[in-house]
$ cat data_36.txt   # compact mmCIF, C-alpha atoms and all ligand atoms
# COMPACT_ATOMS: atom_id res chain seq x y z
CA MET P 210 5.72 28.69 7.39
CA ARG P 211 5.92 25.61 9.57
CA VAL P 212 5.74 22.16 8.03
CA SER P 213 5.40 18.88 9.91
CA GLU P 214 6.48 15.70 8.18
CA GLY P 215 7.02 12.38 9.87
CA ARG P 216 8.50 13.00 13.31
CA VAL P 217 9.84 16.50 12.62
CA THR P 218 8.62 20.08 12.24
CA VAL P 219 10.68 22.48 10.16
CA THR P 220 10.40 26.10 9.08
CA VAL P 221 10.51 26.83 5.37
CA PRO P 222 10.07 30.14 3.54
CA GLU P 223 6.77 30.84 1.73
CA GLN P 224 7.17 29.51 -1.82
CA PRO P 225 5.78 32.31 -4.04
CA ASP P 226 5.89 30.61 -7.44
CA ALA P 227 6.20 26.84 -6.91
CA GLY P 228 9.59 27.35 -5.27
CA LYS P 229 10.97 29.80 -7.84
CA GLY P 230 12.22 32.99 -6.22
CA ALA P 231 12.03 31.63 -2.66
CA ASP P 232 15.11 32.16 -0.45
CA VAL P 233 15.29 28.44 0.17
CA PHE P 234 13.42 25.85 -1.88
CA PHE P 235 10.71 23.61 -0.46
CA ASN P 236 8.25 21.44 -2.38
CA PRO P 237 5.34 20.02 -0.37
CA VAL P 238 4.47 17.70 -3.28
CA GLN P 239 7.66 15.74 -2.60
CA GLU P 240 6.37 14.55 0.79
CA LEU P 241 5.63 11.12 -0.73
CA ASN P 242 9.20 10.96 -2.05
CA ARG P 243 10.52 11.88 1.43
CA ASP P 244 8.23 9.46 3.32
CA ILE P 245 9.43 6.65 1.08
CA THR P 246 13.04 7.82 1.63
CA VAL P 247 12.64 7.47 5.40
CA ALA P 248 11.03 4.02 5.06
CA ALA P 249 13.79 3.00 2.63
CA LEU P 250 16.49 4.18 5.06
CA ARG P 251 14.91 2.09 7.82
CA ALA P 252 14.64 -0.95 5.53
CA TYR P 253 18.17 -0.49 4.21
CA ARG P 254 19.62 -0.50 7.73
CA GLU P 255 18.10 -3.95 8.23
CA ARG P 256 19.38 -5.14 4.87
CA THR P 257 22.92 -3.83 5.51
CA PRO P 258 23.28 -3.60 9.29
CA ARG P 259 26.62 -1.77 9.53
CA VAL P 260 25.49 1.36 7.69
CA SER P 261 25.21 4.54 9.75
CA THR P 262 26.15 7.66 7.74
CA TYR P 263 23.75 9.58 5.46
CA LEU P 264 24.52 12.60 3.28
CA ASP P 265 21.69 14.89 2.18
CA ALA P 266 23.84 16.42 -0.57
CA THR P 267 21.44 19.14 -1.77
CA ALA P 268 19.58 19.81 1.46
CA ALA P 269 17.73 23.17 0.91
CA SER P 270 15.61 23.49 4.12
CA GLY P 271 17.17 20.22 5.32
CA ILE P 272 13.82 18.52 5.70
CA ARG P 273 15.06 15.21 4.26
CA GLY P 274 18.27 15.14 6.30
CA VAL P 275 16.48 16.30 9.46
CA ARG P 276 14.09 13.39 9.03
CA ALA P 277 17.05 11.01 8.58
CA ALA P 278 18.66 12.39 11.74
CA ALA P 279 15.36 11.84 13.59
CA ASN P 280 15.71 8.20 12.52
CA ASP P 281 19.14 7.90 14.13
CA TRP P 282 21.26 8.29 11.00
CA GLU P 283 24.59 10.03 11.51
CA THR P 284 23.60 12.76 9.09
CA THR P 285 25.43 15.41 7.07
CA LEU P 286 23.40 18.17 5.40
CA CYS P 287 25.11 19.96 2.54
CA ASP P 288 24.02 22.90 0.42
CA ILE P 289 25.93 25.44 -1.63
CA ASP P 290 23.66 28.24 -0.47
CA ASP P 291 24.26 30.21 2.77
CA ASP P 292 20.55 30.77 3.47
CA ALA P 293 19.89 27.05 3.03
CA THR P 294 22.60 25.89 5.45
CA ALA P 295 21.54 28.51 8.01
CA LEU P 296 17.99 27.17 7.76
CA CYS P 297 19.27 23.58 8.08
CA GLU P 298 20.97 24.58 11.37
CA ARG P 299 17.76 26.16 12.68
CA ASN P 300 15.65 23.18 11.65
CA LEU P 301 17.98 20.74 13.41
CA GLU P 302 17.92 22.89 16.55
CA ARG P 303 14.12 23.19 16.48
CA ASN P 304 13.92 19.38 16.57
CA ASP P 305 16.68 19.01 19.12
CA LEU P 306 18.76 16.95 16.69
CA ALA P 307 22.48 16.90 16.00
CA ALA P 308 23.95 16.65 12.48
CA SER P 309 26.85 18.09 10.57
CA VAL P 310 25.91 21.03 8.30
CA ARG P 311 28.28 21.89 5.44
CA ARG P 312 28.09 24.93 3.19
CA SER P 313 29.85 23.45 0.22
CA ASP P 314 29.54 22.43 -3.37
CA ALA P 315 28.27 18.86 -2.97
CA ASN P 316 30.66 17.72 -5.69
CA VAL P 317 33.65 18.93 -3.66
CA LEU P 318 32.35 17.23 -0.51
CA MET P 319 31.54 13.93 -2.22
CA HIS P 320 34.95 13.86 -3.90
CA SER P 321 36.68 14.15 -0.54
CA GLU P 322 34.46 12.10 1.82
CA ALA P 323 32.39 8.95 1.47
CA PHE P 324 29.11 8.17 3.20
CA ASP P 325 27.19 4.89 3.55
CA VAL P 326 24.12 6.45 1.93
CA VAL P 327 24.12 9.52 -0.32
CA ASP P 328 20.98 11.35 -1.41
CA VAL P 329 21.07 13.67 -4.42
CA ASP P 330 17.84 15.62 -4.86
CA PRO P 331 18.77 18.61 -7.02
CA PHE P 332 16.93 21.03 -9.29
CA GLY P 333 16.41 19.19 -12.59
CA THR P 334 19.01 16.67 -13.65
CA PRO P 335 21.28 14.88 -11.14
CA ILE P 336 23.92 14.28 -13.84
CA PRO P 337 26.23 17.17 -12.77
CA PHE P 338 26.52 15.34 -9.41
CA ALA P 339 26.72 11.78 -10.76
CA ASP P 340 30.49 11.18 -10.84
CA ALA P 341 31.12 12.70 -7.42
CA ALA P 342 28.07 10.94 -5.94
CA VAL P 343 29.34 7.56 -7.15
CA GLN P 344 32.70 8.24 -5.53
CA GLY P 345 31.16 9.56 -2.31
CA THR P 346 28.82 6.58 -1.83
CA LYS P 347 29.80 3.40 -0.02
CA HIS P 348 26.55 1.42 -0.24
CA LEU P 349 23.37 3.15 -1.42
CA LEU P 350 22.89 6.12 -3.75
CA CYS P 351 19.44 7.73 -3.81
CA VAL P 352 18.76 9.99 -6.80
CA THR P 353 15.87 12.21 -7.87
CA ALA P 354 15.56 13.70 -11.37
CA THR P 355 12.88 16.30 -12.10
CA ASP P 356 13.88 17.03 -15.72
CA THR P 357 11.26 14.65 -17.06
CA ALA P 358 10.98 16.25 -20.52
CA PRO P 359 14.63 15.56 -21.48
CA LEU P 360 14.51 12.13 -19.82
CA CYS P 361 11.48 10.90 -21.72
CA GLY P 362 12.52 12.34 -25.09
CA ALA P 363 10.08 15.28 -25.20
CA HIS P 364 13.18 17.55 -25.20
CA PHE P 365 15.25 15.22 -27.34
CA GLU P 366 18.61 17.03 -27.71
CA SER P 367 18.69 18.01 -24.05
CA GLY P 368 18.07 14.36 -23.09
CA VAL P 369 20.85 13.15 -25.39
CA ARG P 370 23.28 15.74 -24.00
CA SER P 371 22.52 15.12 -20.33
CA TYR P 372 22.17 11.37 -20.30
CA GLY P 373 24.38 10.12 -23.14
CA ALA P 374 21.51 8.02 -24.47
CA VAL P 375 18.80 8.39 -27.09
CA PRO P 376 15.43 8.90 -25.39
CA ARG P 377 12.19 8.51 -27.39
CA ASN P 378 8.87 10.16 -26.69
CA THR P 379 6.64 7.09 -26.49
CA GLU P 380 3.30 6.39 -24.78
CA PHE P 381 5.32 4.81 -21.91
CA HIS P 382 7.20 8.09 -21.37
CA ALA P 383 7.62 7.99 -17.56
CA GLU P 384 9.12 4.51 -17.80
CA MET P 385 11.36 5.62 -20.67
CA GLY P 386 12.59 8.47 -18.44
CA MET P 387 13.26 6.15 -15.53
CA ARG P 388 15.23 3.73 -17.70
CA VAL P 389 17.27 6.50 -19.34
CA LEU P 390 18.18 7.82 -15.87
CA LEU P 391 19.10 4.31 -14.67
CA SER P 392 21.23 3.73 -17.75
CA ALA P 393 23.21 6.93 -17.12
CA MET P 394 23.73 6.12 -13.45
CA VAL P 395 24.74 2.50 -14.16
CA ARG P 396 27.26 3.65 -16.81
CA THR P 397 28.66 6.31 -14.48
CA ALA P 398 29.20 3.76 -11.68
CA ALA P 399 30.69 1.24 -14.12
CA ARG P 400 33.46 3.73 -14.97
CA TYR P 401 34.70 3.19 -11.40
CA ASP P 402 34.23 -0.63 -11.51
CA ILE P 403 31.06 -0.39 -9.47
CA ALA P 404 27.79 -2.21 -10.13
CA ALA P 405 24.88 0.10 -9.29
CA ARG P 406 21.66 -1.93 -9.13
CA PRO P 407 18.28 -0.28 -8.58
CA ILE P 408 16.51 -1.82 -5.59
CA LEU P 409 13.62 0.64 -5.62
CA SER P 410 12.52 3.08 -8.35
CA HIS P 411 9.33 5.03 -8.89
CA ALA P 412 8.26 7.73 -11.32
CA THR P 413 5.48 10.26 -11.72
CA LYS P 414 5.01 12.90 -14.38
CA HIS P 415 7.02 15.26 -12.13
CA TYR P 416 10.07 13.20 -11.23
CA ALA P 417 11.93 9.90 -11.30
CA ARG P 418 13.45 8.55 -8.11
CA THR P 419 15.75 5.56 -7.68
CA TYR P 420 17.78 3.84 -4.95
CA LEU P 421 20.94 2.20 -6.32
CA GLU P 422 22.77 -0.42 -4.29
CA PHE P 423 26.52 -0.61 -4.93
CA ASP P 424 28.70 -3.66 -5.34
CA HIS P 425 32.38 -3.19 -6.13
CA GLY P 426 34.35 -5.03 -8.82
CA ALA P 427 34.87 -5.07 -12.59
CA LYS P 428 33.03 -8.38 -13.03
CA VAL P 429 29.82 -7.22 -11.30
CA ALA P 430 30.02 -3.86 -13.09
CA ASN P 431 30.19 -5.78 -16.40
CA ASP P 432 27.13 -7.80 -15.36
CA CYS P 433 25.27 -4.53 -14.85
CA ILE P 434 26.33 -3.19 -18.25
CA ASP P 435 24.95 -6.42 -19.75
CA GLU P 436 21.48 -5.28 -18.65
CA LEU P 437 21.60 -2.21 -20.87
CA GLY P 438 20.15 -2.27 -24.34
CA TYR P 439 17.68 -0.80 -26.82
CA VAL P 440 13.92 -0.57 -27.22
CA HIS P 441 12.53 -0.46 -30.76
CA HIS P 442 9.12 1.09 -31.00
CA CYS P 443 6.55 1.75 -33.73
CA GLN P 444 4.59 4.95 -33.11
CA HIS P 445 2.06 3.82 -35.71
CA CYS P 446 0.90 0.40 -34.41
CA LEU P 447 2.63 0.47 -30.98
CA TRP P 448 4.62 -2.72 -31.68
CA ARG P 449 7.78 -2.80 -29.61
CA ASP P 450 10.71 -5.10 -28.90
CA HIS P 451 14.01 -4.82 -27.04
CA ASP P 452 17.49 -6.25 -27.33
CA TYR P 453 20.37 -6.38 -24.89
CA GLY P 454 23.88 -5.13 -25.68
CA LEU P 455 25.53 -1.84 -26.54
CA ILE P 456 25.18 -2.20 -30.29
CA ALA P 457 21.61 -1.60 -31.43
CA ASP P 458 20.23 -4.40 -33.57
CA ALA P 459 17.12 -2.66 -34.88
CA PRO P 460 14.80 -4.32 -37.39
CA GLU P 461 14.64 -2.28 -40.61
CA ALA P 462 10.94 -1.61 -40.21
CA CYS P 463 8.06 -2.58 -37.95
CA PRO P 464 7.35 -6.28 -38.63
CA VAL P 465 3.60 -5.68 -38.19
CA CYS P 466 2.83 -2.53 -40.18
CA GLU P 467 6.18 -2.01 -41.99
CA LYS P 468 6.34 1.60 -40.85
CA HIS P 469 9.48 3.33 -39.53
CA LEU P 470 10.72 2.21 -36.10
CA GLN P 471 12.20 4.45 -33.42
CA THR P 472 15.03 3.09 -31.30
CA ALA P 473 15.84 4.34 -27.78
CA GLY P 474 18.95 3.52 -25.81
CA PRO P 475 21.11 2.43 -24.32
CA ILE P 476 18.49 2.22 -21.57
CA TRP P 477 18.36 0.03 -18.48
CA LEU P 478 16.39 -3.10 -19.40
CA GLY P 479 16.82 -4.89 -16.06
CA ARG P 480 14.59 -4.85 -13.00
CA THR P 481 13.95 -1.41 -11.54
CA CYS P 482 13.13 -2.78 -8.06
CA ASP P 483 14.12 -5.68 -5.83
CA PRO P 484 10.74 -7.09 -4.70
CA ALA P 485 12.13 -8.12 -1.28
CA PHE P 486 13.34 -4.57 -0.66
CA VAL P 487 10.00 -3.11 -1.78
CA ASP P 488 8.25 -5.35 0.78
CA ALA P 489 10.70 -4.27 3.48
CA VAL P 490 10.16 -0.57 2.67
CA ALA P 491 6.37 -1.03 2.88
CA GLU P 492 6.79 -2.57 6.33
CA HIS P 493 8.63 0.55 7.47
CA LEU P 494 5.93 3.03 6.50
CA THR P 495 4.51 4.32 9.75
CA GLU P 496 1.39 6.19 10.82
CA GLU P 497 3.03 9.55 11.39
CA MET P 498 3.86 9.77 7.68
CA GLY P 499 1.36 12.02 5.89
CA THR P 500 1.40 9.94 2.71
CA ALA P 501 1.60 6.47 4.33
CA GLU P 502 -1.54 5.21 2.58
CA GLU P 503 -0.54 6.52 -0.84
CA ALA P 504 3.01 5.23 -0.39
CA ASN P 505 1.71 1.82 0.62
CA GLU P 506 -0.45 1.62 -2.51
CA LEU P 507 2.46 2.72 -4.69
CA LEU P 508 4.77 0.08 -3.19
CA ALA P 509 2.10 -2.64 -3.59
CA THR P 510 1.75 -1.74 -7.28
CA LEU P 511 5.54 -1.71 -7.74
CA ARG P 512 5.76 -5.09 -6.01
CA ALA P 513 3.25 -6.61 -8.42
CA GLU P 514 4.62 -5.07 -11.64
CA ILE P 515 5.79 -7.75 -14.02
CA ASP P 516 9.32 -7.42 -15.36
CA THR P 517 9.06 -5.86 -18.84
CA PRO P 518 10.88 -2.71 -19.99
CA THR P 519 7.77 -1.01 -21.46
CA HIS P 520 4.07 -0.76 -20.72
CA TYR P 521 0.77 0.02 -22.47
CA ASP P 522 -2.16 2.32 -21.76
CA GLN P 523 -5.55 0.64 -21.93
CA HIS P 524 -7.40 3.85 -22.89
CA ARG P 525 -5.03 4.54 -25.73
CA LEU P 526 -5.39 1.00 -27.10
CA CYS P 527 -9.17 0.96 -26.76
CA LYS P 528 -9.42 4.28 -28.58
CA ARG P 529 -7.44 2.84 -31.48
CA TRP P 530 -9.70 -0.19 -31.58
CA GLY P 531 -12.89 1.89 -31.38
CA ARG P 532 -13.91 0.21 -28.15
CA GLY P 533 -14.96 1.56 -24.78
CA ALA P 534 -12.42 1.17 -21.98
CA GLU P 535 -13.23 -1.17 -19.10
CA ALA P 536 -12.28 -1.56 -15.45
CA MET P 537 -8.54 -2.27 -15.19
CA ASP P 538 -8.97 -5.34 -12.97
CA GLU P 539 -11.29 -6.99 -15.49
CA PHE P 540 -9.04 -6.07 -18.40
CA ILE P 541 -5.99 -7.56 -16.67
CA GLU P 542 -7.95 -10.65 -15.66
CA LYS P 543 -8.85 -11.28 -19.30
CA LEU P 544 -5.17 -11.21 -20.25
CA ARG P 545 -4.32 -13.63 -17.47
CA ASP P 546 -7.22 -15.93 -18.42
CA ALA P 547 -5.79 -16.04 -21.93
CA GLY P 548 -2.48 -17.27 -20.46
CA TYR P 549 -0.44 -14.04 -20.50
CA GLU P 550 1.37 -12.39 -17.65
CA ALA P 551 -0.20 -9.02 -16.84
CA SER P 552 -0.13 -6.40 -14.10
CA ARG P 553 -1.03 -2.80 -13.46
CA THR P 554 1.86 -0.34 -13.32
CA HIS P 555 2.52 2.61 -11.03
CA TYR P 556 3.04 4.87 -14.07
CA GLY P 557 -0.68 5.64 -14.40
CA GLY P 558 -4.13 4.38 -13.47
CA THR P 559 -4.87 2.98 -16.93
CA THR P 560 -1.40 1.55 -17.64
CA PHE P 561 -0.46 -2.11 -17.62
CA LYS P 562 2.42 -4.47 -18.38
CA THR P 563 2.08 -7.75 -20.19
CA ASP P 564 4.08 -10.24 -22.21
CA ALA P 565 1.34 -10.22 -24.88
CA ASP P 566 1.84 -8.12 -28.02
CA VAL P 567 -0.68 -5.53 -29.24
CA GLU P 568 -2.66 -7.95 -31.41
CA GLU P 569 -2.67 -10.58 -28.65
CA ILE P 570 -3.91 -7.97 -26.18
CA ARG P 571 -6.73 -7.00 -28.57
CA GLU P 572 -7.86 -10.59 -29.02
CA ALA P 573 -7.53 -11.56 -25.37
CA THR P 574 -9.56 -8.60 -24.14
CA ALA P 575 -12.28 -8.62 -26.82
CA GLU P 576 -15.82 -9.17 -25.46
N1 LIG P 601 16.28 17.91 -0.97
C1 LIG P 601 15.44 19.07 -0.75
C2 LIG P 601 14.06 18.66 -0.22
O1 LIG P 601 13.77 17.44 -0.08
O2 LIG P 601 13.27 19.57 0.09
C3 LIG P 601 15.28 19.90 -1.97
C4 LIG P 601 16.57 20.31 -2.64
S1 LIG P 601 16.42 21.58 -3.83
C5 LIG P 601 15.53 20.81 -5.11
C6 LIG P 601 18.04 21.70 -4.49
C7 LIG P 601 19.06 22.36 -3.57
O3 LIG P 601 20.34 22.10 -4.14
C8 LIG P 601 18.97 23.88 -3.45
O4 LIG P 601 18.83 24.24 -2.10
C9 LIG P 601 20.32 24.39 -4.01
O5 LIG P 601 20.85 25.50 -3.29
C10 LIG P 601 21.18 23.18 -3.83
N2 LIG P 601 22.36 23.12 -4.73
C11 LIG P 601 22.45 23.51 -6.02
N3 LIG P 601 23.70 23.27 -6.49
C12 LIG P 601 24.40 22.71 -5.48
C13 LIG P 601 25.72 22.23 -5.35
N4 LIG P 601 26.58 22.27 -6.38
N5 LIG P 601 26.09 21.71 -4.16
C14 LIG P 601 25.23 21.65 -3.12
N6 LIG P 601 23.96 22.10 -3.19
C15 LIG P 601 23.54 22.61 -4.35
$ encode --input "data_36.txt" --output "C-alpha cells"
Amino acid sequence: MRVSEGRVTVTVPEQPDAGKGADVFFNPVQELNRDITVAALRAYRERTPRVSTYLDATAASGIRGVRAAANDWETTLCDIDDDATALCERNLERNDLAASVRRSDANVLMHSEAFDVVDVDPFGTPIPFADAAVQGTKHLLCVTATDTAPLCGAHFESGVRSYGAVPRNTEFHAEMGMRVLLSAMVRTAARYDIAARPILSHATKHYARTYLEFDHGAKVANDCIDELGYVHHCQHCLWRDHDYGLIADAPEACPVCEKHLQTAGPIWLGRTCDPAFVDAVAEHLTEEMGTAEEANELLATLRAEIDTPTHYDQHRLCKRWGRGAEAMDEFIEKLRDAGYEASRTHYGGTTFKTDADVEEIREATAE
C-alpha cells in the first residue's frame, strides 16, 4: 500500500495484524511521532546550525529517514533486515532522494560511526541499543520506547531488568514510564561522561518518545545525575513526595494516612522538555503534515505543563471524594485562584499538575 506523510510517498506492505507478521513493519499510528520528529529536526538545525547528519537506526520501511532526507538531512537508513533495506532503497528512489542505506546491526554501525542526530525507534525497549546509540551520537539522540507495561511498573520485574530502576504502577503511569526511560538514558550517557538532557518528551499509552541533547564532560554529566531521585507514593490516599539523590530517603509510612508507601526510582526528576525548544518545534509544524493540528495541541500542552515529577487525575480524585467531575479549565482555575500553580498535562484529558497536595486540591476545588 502507498502511504503519504509530509512531503513523501512511500510503499509499505499490508500490515495483517498490527504489524506482526508483515515483511516490513509500518505503524500508521506513529504518524504524529514522525511529524513531530520532522519539526524537531528543523528546529534543532536552527538551534545547532552545524548539524547535518541523521541516522535512522531502525528504519523498517524507511519512512522516517526518507522524510529527514526530504528535509535536506544527510541521511543514513539502517536496518538489520534485508527486506527492510531493499524497501528503504525503493522508497528513496520513488521520492527521488539520495541517502545511504546500510543493512547492518545498528549497534555495530553506531559503535563505528557517529552522526549528529541518531534516531532509535525499535520494537519495544530501546535499551539494547542505548550504549551504542550514546557512542554514535554527536548532538541529539531521539528515542522511542513502546514497552509501556515494563516502563510504568505494570510488568514490574521486566521493568527492573530492562531499565535498572524500580518502576511503580501509579495513577500517573505514563509519566512514570517516561521518567524511568529518561533515567536509564541519562545513566547510560553518564557512563561516557556525557550529559543527556531531554529537550522534548511526550508519552501516550502506546509509547514514550524523547529527544536528548548531549553535552560532553564529567562535570555536566554529574549535574545530570543530580537530577535523578525517588518518588514516594501512597496508593491509599495518593499522597506523594520526591527526593533527589541516588540513595532513597523514604518516609517509613505515609504521613497522611500512615499506610505503606511505594518508592520508585532512580527516575528522572528534572524537566522533560526545554520550553524554548518546544516553541521552536511548534513553529516548524507545517500544513502538509497529517497530524499538524494534533501535534500543535500536544506541544502547546507540553509548553504549559508545570514542572513537577508526577500528576493527578481529576476524575479519580472526584470519585474518591464522592463528587461529580467538572470541566478541566474551571477545575484548574480554582486551583490557581487559591494560589497554587496548576496546569493540564499531555498524559490525558483529565490529568493535571499542581504544587498543591491532595487535601489542598480538595479544599481549593470544593464548590
Ligand atoms: N522507525 C520505523 C518507522 O518509523 O516506521 C519503525 C521501526 S520498527 C518498529 C523496528 C525495526 O528495527 C524493524 O524493521 C527491525 O528489522 C529493525 N531492527 C531490529 N533489530 C535491529 C538491529 N539490531 N539493528 C538494526 N535494525 C534492527
$ residues_near_ligand --input "data_36.txt" --ligand "ligand LIG 601 (chain P)" --cutoff "9 Å" --atoms "only C-alpha atoms and all ligand atoms" --output "VMD selection string"
chain P and resid 228 232 to 237 239 to 240 242 to 243 265 to 274 287 to 294 312 to 318 328 to 333 337 to 338 353 355
$ closest_residue --input "data_36.txt" --among "P:Arg545, P:Arg512, P:His555, P:Arg571" --to "Arg529 of chain P" --atoms "all atoms listed in the file"
P:Arg571
$ atom_distance --input "data_36.txt" --atom1 "atom CA of Leu264 of chain P" --atom2 "atom CA of Asp356 of chain P"
22.2 Å
$ residues_around --input "data_36.txt" --residues "Thr554 of chain P" --least-positions-apart "4" --cutoff "9 Å" --atoms "all atoms listed in the file" --output "NGL selection string"
:P and (510-511 or 513-515 or 520 or 558-562)
$ atom_distance --input "data_36.txt" --atom1 "atom CA of Glu539 of chain P" --atom2 "atom CA of Met385 of chain P"
26.4 Å
$ residues_around --input "data_36.txt" --residues "Thr574 of chain P" --least-positions-apart "3" --cutoff "12 Å" --atoms "all atoms listed in the file" --output "list in words"
Gln523, Leu526, Cys527, Trp530, Arg532, Gly533, Ala534, Glu535, Ala536, Met537, Asp538, Glu539, Phe540, Ile541, Glu542, Lys543, Leu544, Arg545, Asp546, Ala547, Gly548, Tyr549, Ala551, Ala565, Val567, Glu568, Glu569, Ile570 and Arg571 of chain P
